[in-house]
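S.K.: Quick one: the structure is below, questions incoming.
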Amino acid sequence: MDVNAQLIEHMMEPKNYGAMPQSDAQGIGKNPENGEKVAIYLKMGNDDGEIYIEDIRFQAIGCTTTVVAGSMITEEAKELSIRGARNLIEATFRILTKVPPEDAACSEMVALALKAALDTYEKRVDDPDFPPITYQIDNTCTPKEGEEI
Amino acid sequence: MKELSIKVHEAWLATLMAGFMSKGSNKQKLVNFSDIIFRHFTWVEAEMVAAGVSYDYDREMIPIKVASLGVMLQNIINRLSQIAQELDSVSGDLAHRISHDLKYITFVLSNMRDEEVTAFDANRELDGIELNDAARDALTLFLFEESYKEYELIMIYNYLKANSKDAYVNRIFQILIDESFFHLKSFGDMMAKMGILAVPRMISREVYQIEDIQAFFYAGIDEELAAKEECRKLSEAVSANSPELAKFFDFINNQENYHIALMKDALAYWEKGTND
């Protein structure tokens, strides 16, 4: 990862990090290879009938890159409508097809956690007790063989 | 008691961070005070365990970006004052002990000389050592990654120790806590010098509320091996420009062997106990 000022800012003060005890929905993105995971919590608002993300939090069991991705994606997702958030997820997946799998894995985990949280929210419209959904990533974050600094 | 524990946890980290920020005579006092407040944290935790109180290590974010140390000191004094107001939730003896410490710490903090803080200027230079961009980036990532890891290990071993009455494994846990404290303090000082000081993020409950301790030890040994490899790479990357920094990472690398030996010892002891 090239370290620039923006990334350092997210590493020093990850945005939206932490739990949300009174969330409306939770979703999990998981790497089945190493047990790393991201949980996203949503508090939804209603603006004249349009449901939007009023507040968002995330927690990660993972590396610094995952935390940076969580900080950036949750910041982008805040105040988006459900449709807007789904567009953000799709755009993220499209960008990730152009980067090596080991670099894509962390961001994919965050985007999948957001998708899982939105899907959980929509399921809860009919079933308030619907459990948090977990999605697993396709990419692997196994480091490249022989990679040196 | 749970609320008190959160406040003490946050005050410990705030004081430790202030120690990293300081470049003068305040530094050692602040780091020592943070050690005392961490012990308060373990004592409160011990009372929670004894009383059967369900607890976790959740806490709020701790803002530390200040331009002068005095602002941070006042923030810590406010935190200590809040702790003092919550002390009636623990036993009288413990409340008295903590209260006495806090009064002295508050007195010293109130009289500390102010300092300009440069721990957040992202200069990314370390002791005048010239690093190429790749080495500087690698060192930056390493410090963020490993400072969190060391905090995580302190909290994991502390939780395991607080919830175990086995003297043999608790001795091992305490050594590992002490080792991680040394690493955290070393990395924190480096981060402050490079202007990238940050409070380690909150750890998720499932990281320390461990259900399968054998799996935890096996994974921990693998992580220590990975950390050794990172230290080796960093040592190689900086050796041309700073033999001293290279030796530091070789030293940390070698310490991981000791941690691995301790974890294997604890694992063997645990497996023997479960098989007997």
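Letters A, B, ... go to the chains of the structure tokens in the order shown; residues in each chain start at 1; ligands are counted from 1 in the same order.
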Mind dumping a table of every chain B residue within 6 Å of chain A, with the nearest atom pair and its distance in Å to one decimal, using only C-alpha atoms, sorted by chain and rising number, as a Markdown table?
M.R.:
| residue | atom | partner | partner_atom | distance |
| --- | --- | --- | --- | --- |
| B:Asp137 | CA | A:Val3 | CA | 5.6 |
| B:Glu145 | CA | A:Thr64 | CA | 5.7 |
| B:Ala198 | CA | A:Met12 | CA | 4.9 |
S.K.: How would the residues just chosen look if you wrote them out with C-alpha atoms as a CSV table (one decimal), in the first residue's frame?
M.R.:
chain,number,residue,atom,x,y,z
B,137,ASP,CA,5.9,3.4,4.0
B,145,GLU,CA,-0.2,-2.6,12.7
B,198,ALA,CA,-2.6,7.2,17.3
S.K.: From segment 30-139 of chain A, collect each residue whose DSSP state is strand (DSSP E) and return the set as JSON, numbers by chain.
M.R.: {"A": [30, 37, 38, 39, 40, 41, 42, 43, 44, 45, 46, 47, 50, 51, 52, 53, 54, 55, 56, 57, 58, 59, 60, 61, 133, 134, 135, 136]}
S.K.: Can I get the selection written as a short mmCIF file (atom, residue, chain, number, x, y, z; two decimals), in the first residue's frame, with N, CA and C atoms?
M.R.:
data_model
loop_
_atom_site.label_atom_id
_atom_site.label_comp_id
_atom_site.auth_asym_id
_atom_site.auth_seq_id
_atom_site.Cartn_x
_atom_site.Cartn_y
_atom_site.Cartn_z
N LYS A 30 -16.57 -11.60 5.84
CA LYS A 30 -15.60 -12.50 6.49
C LYS A 30 -14.63 -13.09 5.48
N LYS A 37 -12.52 -10.53 9.90
CA LYS A 37 -13.91 -10.15 9.60
C LYS A 37 -14.15 -8.66 9.87
N VAL A 38 -15.21 -8.18 9.24
CA VAL A 38 -15.64 -6.80 9.46
C VAL A 38 -17.12 -6.84 9.80
N ALA A 39 -17.50 -6.13 10.84
CA ALA A 39 -18.92 -5.99 11.20
C ALA A 39 -19.32 -4.54 10.94
N ILE A 40 -20.45 -4.36 10.27
CA ILE A 40 -20.98 -3.00 10.05
C ILE A 40 -22.35 -2.90 10.72
N TYR A 41 -22.52 -1.79 11.42
CA TYR A 41 -23.78 -1.51 12.13
C TYR A 41 -24.44 -0.29 11.48
N LEU A 42 -25.75 -0.39 11.29
CA LEU A 42 -26.48 0.71 10.65
C LEU A 42 -27.58 1.24 11.54
N LYS A 43 -27.72 2.55 11.54
CA LYS A 43 -28.90 3.21 12.11
C LYS A 43 -29.56 3.91 10.93
N MET A 44 -30.78 3.54 10.64
CA MET A 44 -31.43 4.07 9.44
C MET A 44 -32.37 5.23 9.80
N GLY A 45 -32.46 6.18 8.89
CA GLY A 45 -33.38 7.30 9.05
C GLY A 45 -34.42 7.30 7.93
N ASN A 46 -35.41 8.16 8.08
CA ASN A 46 -36.48 8.22 7.07
C ASN A 46 -36.68 9.69 6.68
N ASP A 47 -36.39 10.00 5.41
CA ASP A 47 -36.52 11.37 4.93
C ASP A 47 -37.65 11.40 3.91
N GLU A 50 -38.08 8.20 2.17
CA GLU A 50 -36.86 7.56 1.65
C GLU A 50 -35.96 7.15 2.82
N ILE A 51 -35.68 5.85 2.88
CA ILE A 51 -34.85 5.32 3.96
C ILE A 51 -33.38 5.58 3.62
N TYR A 52 -32.65 6.09 4.60
CA TYR A 52 -31.23 6.38 4.37
C TYR A 52 -30.41 6.00 5.59
N ILE A 53 -29.08 5.93 5.38
CA ILE A 53 -28.17 5.57 6.47
C ILE A 53 -27.91 6.82 7.32
N GLU A 54 -28.54 6.84 8.49
CA GLU A 54 -28.39 8.00 9.36
C GLU A 54 -27.05 7.95 10.08
N ASP A 55 -26.68 6.75 10.52
CA ASP A 55 -25.38 6.60 11.20
C ASP A 55 -24.84 5.21 10.88
N ILE A 56 -23.54 5.10 10.92
CA ILE A 56 -22.90 3.83 10.56
C ILE A 56 -21.64 3.66 11.41
N ARG A 57 -21.39 2.43 11.84
CA ARG A 57 -20.17 2.10 12.59
C ARG A 57 -19.61 0.79 12.04
N PHE A 58 -18.31 0.62 12.23
CA PHE A 58 -17.74 -0.67 11.86
C PHE A 58 -16.69 -1.09 12.86
N GLN A 59 -16.50 -2.40 12.94
CA GLN A 59 -15.42 -2.96 13.74
C GLN A 59 -14.73 -4.01 12.89
N ALA A 60 -13.42 -4.13 13.07
CA ALA A 60 -12.67 -5.07 12.24
C ALA A 60 -11.77 -5.96 13.08
N ILE A 61 -11.76 -7.22 12.74
CA ILE A 61 -10.70 -8.11 13.22
C ILE A 61 -9.87 -8.33 11.97
N ILE A 133 -26.68 -11.05 8.70
CA ILE A 133 -26.20 -11.87 7.58
C ILE A 133 -24.67 -11.78 7.51
N THR A 134 -24.04 -12.90 7.14
CA THR A 134 -22.58 -12.93 6.92
C THR A 134 -22.31 -13.33 5.47
N TYR A 135 -21.45 -12.57 4.79
CA TYR A 135 -20.99 -12.96 3.45
C TYR A 135 -19.48 -13.18 3.50
N GLN A 136 -19.03 -14.13 2.68
CA GLN A 136 -17.60 -14.44 2.65
C GLN A 136 -16.96 -13.88 1.38
#
S.K.: Give the answer as one residue: which of A:Ser81, A:Asp127, A:Ile95, A:Pro101 has the shortest atom-to-atom distance to Asp48 of chain A, using only C-alpha atoms?
M.R.: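 Selected residue with least distance to Asp48 of chain A: A:Ser81.
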S.K.: Between B:Leu16, B:Ile105, B:Ala268, B:Ala240, which has the minimum distance to Tyr218 of chain B (counting only C-alpha atoms)?
M.R.: B:Ala268
S.K.: So how far away is atom CA of Asn163 of chain B from atom CA of Ala50 of chain B, in Å?
M.R.: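 Going from atom CA of Ala50 of chain B over to atom CA of Asn163 of chain B covers 9.3 Å.
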S.K.: Any idea what's packed within 9 Å of Gln209 of chain B, counting only C-alpha atoms, ignoring anything in its chain fewer than 4 positions away? Could you give it as a list in words?
M.R.: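 Counting only the stated atoms, we get Asp56, Ile156, Tyr159, Leu160, Ser204 and Arg205 of chain B.
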S.K.: Hey, can you check how far atom CA of Ser25 of chain B sits from atom CA of Ser68 of chain B?
M.R.: 15.0 Å
S.K.: Between atom CA of Glu229 of chain B and atom CA of Gln255 of chain B, what is the distance in Å, rounded to a tenth?
M.R.: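 These atoms are spaced 12.4 Å apart.
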S.K.: Counting only C-alpha atoms, which of B:Ala192, B:Leu4, B:Leu30, B:Leu184 gets nearest to Leu109 of chain B?
M.R.: B:Leu30
S.K.: Check the DSSP output for the backbone and give back, as a PyMOL selection string, the residues of chain A in helix (DSSP H, G or I).
M.R.: chain A and resi 5-12+64-77+82-96+101-126
S.K.: Got a sec: who's within 9 Å of Phe20 of chain B, counting only C-alpha atoms, leaving out chain neighbours fewer than 4 positions off, as a ChimeraX atom specification?
M.R.: /B:15-16,27,30-31,119,185,188-193,197
